[in-house]
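Chemist: Got start_3.pdb for you, PDB, C-alpha atoms:
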```pdb
ATOM      1  CA  MET A   1      -3.307 -16.592  40.441  1.00  0.00           C
ATOM      2  CA  LEU A   2      -2.954 -17.675  36.836  1.00  0.00           C
ATOM      3  CA  VAL A   3       0.587 -18.885  37.525  1.00  0.00           C
ATOM      4  CA  ILE A   4      -0.631 -20.991  40.471  1.00  0.00           C
ATOM      5  CA  PHE A   5      -3.289 -22.663  38.304  1.00  0.00           C
ATOM      6  CA  ILE A   6      -0.784 -23.429  35.569  1.00  0.00           C
ATOM      7  CA  ALA A   7       1.740 -24.783  38.079  1.00  0.00           C
ATOM      8  CA  ASP A   8      -0.919 -26.949  39.743  1.00  0.00           C
ATOM      9  CA  ILE A   9      -2.097 -28.330  36.401  1.00  0.00           C
ATOM     10  CA  VAL A  10       1.441 -29.066  35.195  1.00  0.00           C
ATOM     11  CA  LEU A  11       2.876 -30.421  38.460  1.00  0.00           C
ATOM     12  CA  ASN A  12      -0.106 -32.423  39.605  1.00  0.00           C
ATOM     13  CA  GLN A  13      -1.365 -33.214  36.138  1.00  0.00           C
ATOM     14  CA  ARG A  14      -4.901 -32.560  37.292  1.00  0.00           C
ATOM     15  CA  PHE A  15      -7.037 -31.329  34.444  1.00  0.00           C
ATOM     16  CA  ASP A  16     -10.429 -31.061  36.104  1.00  0.00           C
ATOM     17  CA  LYS A  17     -13.076 -28.974  34.393  1.00  0.00           C
ATOM     18  CA  MET A  18     -13.034 -26.174  36.978  1.00  0.00           C
ATOM     19  CA  LYS A  19      -9.296 -25.483  36.577  1.00  0.00           C
ATOM     20  CA  ILE A  20      -9.468 -25.601  32.817  1.00  0.00           C
ATOM     21  CA  THR A  21     -12.416 -23.197  32.842  1.00  0.00           C
ATOM     22  CA  VAL A  22     -10.644 -20.731  35.168  1.00  0.00           C
ATOM     23  CA  PHE A  23      -7.495 -20.990  33.047  1.00  0.00           C
ATOM     24  CA  ALA A  24      -9.435 -20.325  29.828  1.00  0.00           C
ATOM     25  CA  PHE A  25     -11.258 -17.308  31.306  1.00  0.00           C
ATOM     26  CA  SER A  26      -7.986 -15.916  32.622  1.00  0.00           C
ATOM     27  CA  LEU A  27      -6.401 -16.159  29.191  1.00  0.00           C
ATOM     28  CA  ILE A  28      -9.380 -14.440  27.585  1.00  0.00           C
ATOM     29  CA  ILE A  29      -9.364 -11.598  30.123  1.00  0.00           C
ATOM     30  CA  PHE A  30      -5.598 -10.998  29.935  1.00  0.00           C
ATOM     31  CA  SER A  31      -5.524 -11.109  26.163  1.00  0.00           C
ATOM     32  CA  SER A  32      -8.479  -8.676  26.005  1.00  0.00           C
ATOM     33  CA  LEU A  33      -6.729  -6.261  28.330  1.00  0.00           C
ATOM     34  CA  GLY A  34      -3.633  -6.428  26.182  1.00  0.00           C
ATOM     35  CA  GLN A  35      -5.661  -5.642  23.055  1.00  0.00           C
ATOM     36  CA  LEU A  36      -7.242  -2.619  24.712  1.00  0.00           C
ATOM     37  CA  ALA A  37      -3.839  -1.136  25.511  1.00  0.00           C
ATOM     38  CA  ILE A  38      -2.389  -1.566  22.017  1.00  0.00           C
ATOM     39  CA  GLY A  39      -2.109   1.737  20.203  1.00  0.00           C
ATOM     40  CA  GLN A  40      -3.500   3.817  23.039  1.00  0.00           C
ATOM     41  CA  LYS A  41      -1.565   6.844  24.242  1.00  0.00           C
ATOM     42  CA  LYS A  42      -0.836   6.621  27.944  1.00  0.00           C
ATOM     43  CA  VAL A  43      -1.719   9.841  29.744  1.00  0.00           C
ATOM     44  CA  ALA A  44      -1.136  10.437  33.434  1.00  0.00           C
ATOM     45  CA  ALA A  45      -3.964  11.754  35.547  1.00  0.00           C
ATOM     46  CA  GLY A  46      -3.948  15.509  35.554  1.00  0.00           C
ATOM     47  CA  PRO A  47      -5.876  18.743  35.378  1.00  0.00           C
ATOM     48  CA  HIS A  48      -8.539  19.339  32.785  1.00  0.00           C
ATOM     49  CA  LEU A  49      -7.882  21.655  29.867  1.00  0.00           C
ATOM     50  CA  LEU A  50     -10.585  24.314  30.064  1.00  0.00           C
ATOM     51  CA  VAL A  51     -11.374  26.782  27.290  1.00  0.00           C
ATOM     52  CA  TYR A  52     -13.706  29.708  27.872  1.00  0.00           C
ATOM     53  CA  LYS A  53     -14.928  33.194  27.004  1.00  0.00           C
ATOM     54  CA  THR A  54     -15.893  36.002  29.371  1.00  0.00           C
ATOM     55  CA  LYS A  55     -18.317  38.943  29.229  1.00  0.00           C
ATOM     56  CA  LYS A  56     -15.449  41.418  29.679  1.00  0.00           C
ATOM     57  CA  ASP A  57     -11.656  41.269  29.747  1.00  0.00           C
ATOM     58  CA  TYR A  58     -10.940  39.716  33.156  1.00  0.00           C
ATOM     59  CA  ARG A  59      -7.581  38.166  32.249  1.00  0.00           C
ATOM     60  CA  ASN A  60      -5.748  40.077  34.983  1.00  0.00           C
ATOM     61  CA  ASN A  61      -8.402  39.726  37.686  1.00  0.00           C
ATOM     62  CA  VAL A  62      -8.334  37.135  40.441  1.00  0.00           C
ATOM     63  CA  SER A  63     -11.007  34.456  40.178  1.00  0.00           C
ATOM     64  CA  VAL A  64     -12.676  32.627  43.047  1.00  0.00           C
ATOM     65  CA  ILE A  65     -15.138  29.748  43.084  1.00  0.00           C
ATOM     66  CA  LEU A  66     -18.583  30.326  44.565  1.00  0.00           C
ATOM     67  CA  THR A  67     -20.993  27.902  46.208  1.00  0.00           C
ATOM     68  CA  ASP A  68     -23.794  26.504  44.029  1.00  0.00           C
ATOM     69  CA  ASP A  69     -26.182  29.252  45.141  1.00  0.00           C
ATOM     70  CA  LYS A  70     -23.455  31.918  44.640  1.00  0.00           C
ATOM     71  CA  SER A  71     -23.965  33.222  48.166  1.00  0.00           C
ATOM     72  CA  GLN A  72     -20.443  32.486  49.459  1.00  0.00           C
ATOM     73  CA  VAL A  73     -16.885  31.978  48.304  1.00  0.00           C
ATOM     74  CA  ALA A  74     -16.193  28.236  48.354  1.00  0.00           C
ATOM     75  CA  SER A  75     -12.586  28.268  47.129  1.00  0.00           C
ATOM     76  CA  TYR A  76      -9.897  30.861  46.533  1.00  0.00           C
ATOM     77  CA  PRO A  77      -6.167  30.940  45.849  1.00  0.00           C
ATOM     78  CA  ASP A  78      -3.372  31.735  48.247  1.00  0.00           C
ATOM     79  CA  PRO A  79      -1.412  34.854  47.237  1.00  0.00           C
ATOM     80  CA  LYS A  80       1.641  32.593  46.766  1.00  0.00           C
ATOM     81  CA  ASP A  81      -0.285  30.658  44.099  1.00  0.00           C
ATOM     82  CA  ILE A  82      -0.879  33.868  42.157  1.00  0.00           C
ATOM     83  CA  SER A  83       2.747  34.995  42.411  1.00  0.00           C
ATOM     84  CA  THR A  84       3.952  32.167  40.173  1.00  0.00           C
ATOM     85  CA  GLY A  85       2.893  34.133  37.092  1.00  0.00           C
ATOM     86  CA  HIS A  86       0.934  31.237  35.562  1.00  0.00           C
ATOM     87  CA  THR A  87      -2.466  32.636  36.457  1.00  0.00           C
ATOM     88  CA  VAL A  88      -3.117  34.725  33.375  1.00  0.00           C
ATOM     89  CA  PRO A  89      -5.063  32.717  30.793  1.00  0.00           C
ATOM     90  CA  SER A  90      -3.509  32.111  27.392  1.00  0.00           C
ATOM     91  CA  ALA A  91      -5.181  33.948  24.504  1.00  0.00           C
ATOM     92  CA  LEU A  92      -6.599  31.672  21.822  1.00  0.00           C
ATOM     93  CA  HIS A  93      -8.177  32.264  18.430  1.00  0.00           C
ATOM     94  CA  GLY A  94     -11.752  33.526  18.241  1.00  0.00           C
ATOM     95  CA  GLY A  95     -11.598  35.351  21.579  1.00  0.00           C
ATOM     96  CA  TYR A  96     -11.289  32.136  23.562  1.00  0.00           C
ATOM     97  CA  LEU A  97      -9.024  31.805  26.595  1.00  0.00           C
ATOM     98  CA  LEU A  98      -7.116  28.772  27.880  1.00  0.00           C
ATOM     99  CA  ASP A  99      -7.398  28.421  31.641  1.00  0.00           C
ATOM    100  CA  ASN A 100      -4.157  28.468  33.611  1.00  0.00           C
ATOM    101  CA  ARG A 101      -5.598  29.258  37.036  1.00  0.00           C
ATOM    102  CA  GLY A 102      -8.613  27.132  37.962  1.00  0.00           C
ATOM    103  CA  ILE A 103     -11.646  28.570  36.202  1.00  0.00           C
ATOM    104  CA  GLY A 104     -14.912  26.705  36.587  1.00  0.00           C
ATOM    105  CA  ALA A 105     -18.624  27.020  35.992  1.00  0.00           C
ATOM    106  CA  ARG A 106     -19.048  28.739  39.384  1.00  0.00           C
ATOM    107  CA  SER A 107     -16.155  31.193  38.950  1.00  0.00           C
ATOM    108  CA  ALA A 108     -16.521  34.827  39.959  1.00  0.00           C
ATOM    109  CA  MET A 109     -14.117  37.693  39.328  1.00  0.00           C
ATOM    110  CA  LEU A 110     -12.706  40.027  41.950  1.00  0.00           C
ATOM    111  CA  LYS A 111     -11.921  43.696  41.465  1.00  0.00           C
ATOM    112  CA  MET A 112      -8.406  42.860  42.664  1.00  0.00           C
ATOM    113  CA  THR A 113      -5.786  42.154  40.004  1.00  0.00           C
ATOM    114  CA  ASN A 114      -3.421  39.199  40.109  1.00  0.00           C
ATOM    115  CA  LYS A 115      -0.501  41.548  40.822  1.00  0.00           C
ATOM    116  CA  GLU A 116      -2.299  43.219  43.754  1.00  0.00           C
ATOM    117  CA  TYR A 117      -3.353  39.856  45.167  1.00  0.00           C
ATOM    118  CA  ALA A 118       0.127  38.350  44.814  1.00  0.00           C
ATOM    119  CA  ASN A 119       1.533  41.196  46.931  1.00  0.00           C
ATOM    120  CA  LEU A 120      -0.693  40.354  49.905  1.00  0.00           C
ATOM    121  CA  LYS A 121       0.978  38.746  52.931  1.00  0.00           C
ATOM    122  CA  LYS A 122      -2.026  36.452  53.432  1.00  0.00           C
ATOM    123  CA  ALA A 123      -5.307  35.781  51.679  1.00  0.00           C
ATOM    124  CA  PRO A 124      -8.334  37.783  52.777  1.00  0.00           C
ATOM    125  CA  SER A 125     -11.156  35.852  54.406  1.00  0.00           C
ATOM    126  CA  ALA A 126     -13.865  34.309  52.244  1.00  0.00           C
ATOM    127  CA  ASP A 127     -16.297  37.007  53.445  1.00  0.00           C
ATOM    128  CA  GLU A 128     -13.859  39.791  52.516  1.00  0.00           C
ATOM    129  CA  LEU A 129     -13.312  38.233  49.086  1.00  0.00           C
ATOM    130  CA  TYR A 130     -17.049  37.971  48.514  1.00  0.00           C
ATOM    131  CA  LYS A 131     -17.354  41.740  49.015  1.00  0.00           C
ATOM    132  CA  MET A 132     -14.686  42.257  46.304  1.00  0.00           C
ATOM    133  CA  ILE A 133     -16.631  40.404  43.587  1.00  0.00           C
ATOM    134  CA  ILE A 134     -17.316  42.487  40.480  1.00  0.00           C
ATOM    135  CA  ASP A 135     -18.953  39.701  38.438  1.00  0.00           C
ATOM    136  CA  LYS A 136     -20.618  36.566  39.863  1.00  0.00           C
ATOM    137  CA  ASP A 137     -21.165  35.079  36.405  1.00  0.00           C
ATOM    138  CA  PRO A 138     -18.304  36.224  34.127  1.00  0.00           C
ATOM    139  CA  LEU A 139     -18.155  33.207  31.795  1.00  0.00           C
ATOM    140  CA  THR A 140     -20.270  33.157  28.680  1.00  0.00           C
ATOM    141  CA  ILE A 141     -18.990  29.776  27.525  1.00  0.00           C
ATOM    142  CA  LEU A 142     -16.858  26.999  29.040  1.00  0.00           C
ATOM    143  CA  TYR A 143     -15.548  23.797  27.451  1.00  0.00           C
ATOM    144  CA  ASP A 144     -13.716  20.883  29.052  1.00  0.00           C
ATOM    145  CA  CYS A 145     -11.292  19.425  26.511  1.00  0.00           C
ATOM    146  CA  GLY A 146     -10.123  16.526  28.664  1.00  0.00           C
ATOM    147  CA  ASN A 147      -6.819  15.850  30.357  1.00  0.00           C
ATOM    148  CA  ARG A 148      -4.378  18.719  29.874  1.00  0.00           C
ATOM    149  CA  TYR A 149      -1.473  16.246  29.743  1.00  0.00           C
ATOM    150  CA  GLY A 150      -3.031  14.675  26.650  1.00  0.00           C
ATOM    151  CA  TYR A 151      -1.965  17.722  24.619  1.00  0.00           C
ATOM    152  CA  LYS A 152       1.623  18.230  23.487  1.00  0.00           C
ATOM    153  CA  ASP A 153       0.985  21.912  22.701  1.00  0.00           C
ATOM    154  CA  PRO A 154      -2.234  22.992  24.451  1.00  0.00           C
ATOM    155  CA  VAL A 155      -2.394  26.465  22.853  1.00  0.00           C
ATOM    156  CA  GLY A 156      -1.566  25.230  19.344  1.00  0.00           C
ATOM    157  CA  ASP A 157      -3.744  22.136  19.597  1.00  0.00           C
ATOM    158  CA  VAL A 158      -6.799  24.052  20.840  1.00  0.00           C
ATOM    159  CA  ASN A 159      -6.285  26.825  18.279  1.00  0.00           C
ATOM    160  CA  LYS A 160      -6.389  24.122  15.620  1.00  0.00           C
ATOM    161  CA  LEU A 161      -9.697  22.816  17.040  1.00  0.00           C
ATOM    162  CA  ILE A 162     -11.081  26.358  16.985  1.00  0.00           C
ATOM    163  CA  ASP A 163      -9.879  27.040  13.433  1.00  0.00           C
ATOM    164  CA  GLU A 164     -11.301  23.744  12.182  1.00  0.00           C
ATOM    165  CA  LYS A 165     -14.576  24.430  14.029  1.00  0.00           C
ATOM    166  CA  LYS A 166     -14.167  21.220  16.055  1.00  0.00           C
ATOM    167  CA  LEU A 167     -14.061  22.715  19.553  1.00  0.00           C
ATOM    168  CA  THR A 168     -17.762  22.054  20.120  1.00  0.00           C
ATOM    169  CA  THR A 169     -17.500  18.435  18.969  1.00  0.00           C
ATOM    170  CA  LYS A 170     -14.164  17.472  20.536  1.00  0.00           C
ATOM    171  CA  CYS A 171     -14.739  19.197  23.890  1.00  0.00           C
ATOM    172  CA  LYS A 172     -17.587  18.897  26.383  1.00  0.00           C
ATOM    173  CA  ALA A 173     -19.671  22.046  26.915  1.00  0.00           C
ATOM    174  CA  ILE A 174     -19.904  22.822  30.621  1.00  0.00           C
ATOM    175  CA  LYS A 175     -21.547  26.183  30.048  1.00  0.00           C
ATOM    176  CA  LYS A 176     -23.035  27.244  26.727  1.00  0.00           C
ATOM    177  CA  GLN A 177     -23.537  30.753  25.505  1.00  0.00           C
ATOM    178  CA  SER A 178     -27.022  31.971  26.277  1.00  0.00           C
ATOM    179  CA  SER A 179     -29.207  32.970  23.354  1.00  0.00           C
ATOM    180  CA  LYS A 180     -30.593  35.874  25.435  1.00  0.00           C
ATOM    181  CA  LYS A 181     -29.324  39.316  24.569  1.00  0.00           C
TER
END
```
Spit out the file's structure as structure tokens when you get a sec.
Modeler:
Amino acid sequence: MLVIFIADIVLNQRFDKMKITVFAFSLIIFSSLGQLAIGQKKVAAGPHLLVYKTKKDYRNNVSVILTDDKSQVASYPDPKDISTGHTVPSALHGGYLLDNRGIGARSAMLKMTNKEYANLKKAPSADELYKMIIDKDPLTILYDCGNRYGYKDPVGDVNKLIDEKKLTTKCKAIKKQSSKK
């Protein structure tokens, strides 16, 4: 559109106020957009980097996502998804874990281990999975640290945030530790 206005102005030598105004606004907008992009790191859309703690050691248990009222299983993995070996969370400093499997605020843990689940021919039904839940509220704390692709070394970078006591300021708390004991 900008090119058409410039061509019309140059070829027809028409400099009416409307065309000059549109041309000026276009220049302002394009130059502003260019300034916004300078120095910014481009990051592709991707999964969120989630950091959490649990009540017990559930690192080898399968997690499912419950409905808001925790009365049903809303989402669960296929056994093939578990067999990739990337489902165990990475251990971080301070007892934190780095999610590698799809943890969320409504996660629940099954009594079934990742290895047992991966060996299944097909996933159990949502009702069957619900009966296997051993903890409907296993997370004590959950932080969203933004786009996972924005970190060159997720484990090292998050450990640094933990060590420098910046996790709570650099990441968004999705679930905070309860003060109840």
Chemist: Would you compute the distance between CA of Tyr149 (chain A) and CA of His48 (chain A)? Give it in Å to one decimal.
Modeler: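 Going from CA of Tyr149 (chain A) over to CA of His48 (chain A) covers 8.3 Å.
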Chemist: Around the point (-3.0, 34.3, 31.0) (coordinates from the file), which residues reach within 10 Å if we count only C-alpha atoms? Answer as a list in words.
Modeler: Tyr58, Arg59, Asn60, Gly85, His86, Thr87, Val88, Pro89, Ser90, Ala91, Leu97, Leu98, Asp99, Asn100 and Arg101 of chain A
Chemist: Do you have the CA of Glu116 (chain A)-CA of Gly95 (chain A) distance handy?
Modeler: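 Spanning CA of Glu116 (chain A) to CA of Gly95 (chain A) is a straight-line distance of 25.3 Å.
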Chemist: Care to translate the PyMOL selection byres ((chain A and resi 68) around 12) into actual residues of this file, as a short mmCIF file (atom, residue, chain, number, x, y, z; two decimals) with C-alpha atoms, in the coordinates of the input?
Modeler:
```
data_model
loop_
_atom_site.label_atom_id
_atom_site.label_comp_id
_atom_site.auth_asym_id
_atom_site.auth_seq_id
_atom_site.Cartn_x
_atom_site.Cartn_y
_atom_site.Cartn_z
CA ILE A 65 -15.14 29.75 43.08
CA LEU A 66 -18.58 30.33 44.56
CA THR A 67 -20.99 27.90 46.21
CA ASP A 69 -26.18 29.25 45.14
CA LYS A 70 -23.46 31.92 44.64
CA SER A 71 -23.96 33.22 48.17
CA GLN A 72 -20.44 32.49 49.46
CA VAL A 73 -16.89 31.98 48.30
CA ALA A 74 -16.19 28.24 48.35
CA SER A 75 -12.59 28.27 47.13
CA GLY A 104 -14.91 26.70 36.59
CA ALA A 105 -18.62 27.02 35.99
CA ARG A 106 -19.05 28.74 39.38
CA SER A 107 -16.16 31.19 38.95
CA ALA A 108 -16.52 34.83 39.96
CA LYS A 136 -20.62 36.57 39.86
CA ASP A 137 -21.16 35.08 36.40
#
```
Chemist: Written as a list in words, which residues does the PyMOL selection byres ((chain A and resi 83) around 10) give for the file shown?
Modeler: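 Evaluating the PyMOL selection byres ((chain A and resi 83) around 10) on these coordinates yields Asp78, Pro79, Lys80, Asp81, Ile82, Thr84, Gly85, His86, Thr87, Asn114, Lys115, Glu116, Tyr117, Ala118, Asn119 and Leu120 of chain A.
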Chemist: Considering all atoms listed in the file, can you say which of A:Pro77, A:Gly94, A:Gly46, A:Pro154 comes closest to Leu110 (chain A)?
Modeler: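 Among the listed residues, A:Pro77 lies closest to Leu110 (chain A).
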Chemist: In terms of the shortest atom-to-atom distance over only C-alpha atoms, which of A:Cys171, A:Thr54, A:Met112, A:Asn61 is closest to Gly146 (chain A)?
Modeler: A:Cys171
Chemist: Nearest to Ile103 (chain A): which of A:Leu167, A:Ile141, A:Leu50, A:Ile174 is it, counting all atoms listed in the file?
Modeler: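 Checking each of A:Leu167, A:Ile141, A:Leu50, A:Ile174 against Ile103 (chain A), counting all atoms listed in the file, the winner is A:Leu50.
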Chemist: Assuming the input is short of atoms at region 132-147 of chain A, produce N, CA and C atoms for that part as a compact mmCIF listing (two decimals), in the coordinates of the input.
Modeler:
```
# COMPACT_ATOMS: atom_id res chain seq x y z
N MET A 132 -15.51 41.73 47.40
CA MET A 132 -14.69 42.26 46.30
C MET A 132 -15.14 41.78 44.92
N ILE A 133 -16.17 40.96 44.86
CA ILE A 133 -16.63 40.40 43.59
C ILE A 133 -17.22 41.50 42.70
N ILE A 134 -16.76 41.54 41.46
CA ILE A 134 -17.32 42.49 40.48
C ILE A 134 -18.22 41.78 39.46
N ASP A 135 -18.10 40.44 39.37
CA ASP A 135 -18.95 39.70 38.44
C ASP A 135 -19.11 38.28 38.96
N LYS A 136 -20.34 37.91 39.35
CA LYS A 136 -20.62 36.57 39.86
C LYS A 136 -20.81 35.54 38.75
N ASP A 137 -20.94 35.99 37.53
CA ASP A 137 -21.16 35.08 36.40
C ASP A 137 -20.42 35.59 35.16
N PRO A 138 -19.09 35.61 35.21
CA PRO A 138 -18.30 36.22 34.13
C PRO A 138 -18.17 35.38 32.86
N LEU A 139 -18.37 34.08 32.95
CA LEU A 139 -18.16 33.21 31.80
C LEU A 139 -19.39 33.15 30.91
N THR A 140 -19.16 33.30 29.62
CA THR A 140 -20.27 33.16 28.68
C THR A 140 -20.28 31.76 28.09
N ILE A 141 -19.12 31.11 28.11
CA ILE A 141 -18.99 29.78 27.52
C ILE A 141 -17.81 29.08 28.19
N LEU A 142 -17.93 27.77 28.40
CA LEU A 142 -16.86 27.00 29.04
C LEU A 142 -16.87 25.58 28.48
N TYR A 143 -15.71 25.15 27.99
CA TYR A 143 -15.55 23.80 27.45
C TYR A 143 -14.47 23.05 28.22
N ASP A 144 -14.70 21.77 28.45
CA ASP A 144 -13.72 20.88 29.05
C ASP A 144 -13.18 20.01 27.93
N CYS A 145 -11.91 20.16 27.62
CA CYS A 145 -11.29 19.42 26.51
C CYS A 145 -10.48 18.22 26.99
N GLY A 146 -10.78 17.73 28.17
CA GLY A 146 -10.12 16.53 28.66
C GLY A 146 -8.84 16.82 29.42
N ASN A 147 -8.05 15.77 29.59
CA ASN A 147 -6.82 15.85 30.36
C ASN A 147 -5.81 16.77 29.68
```
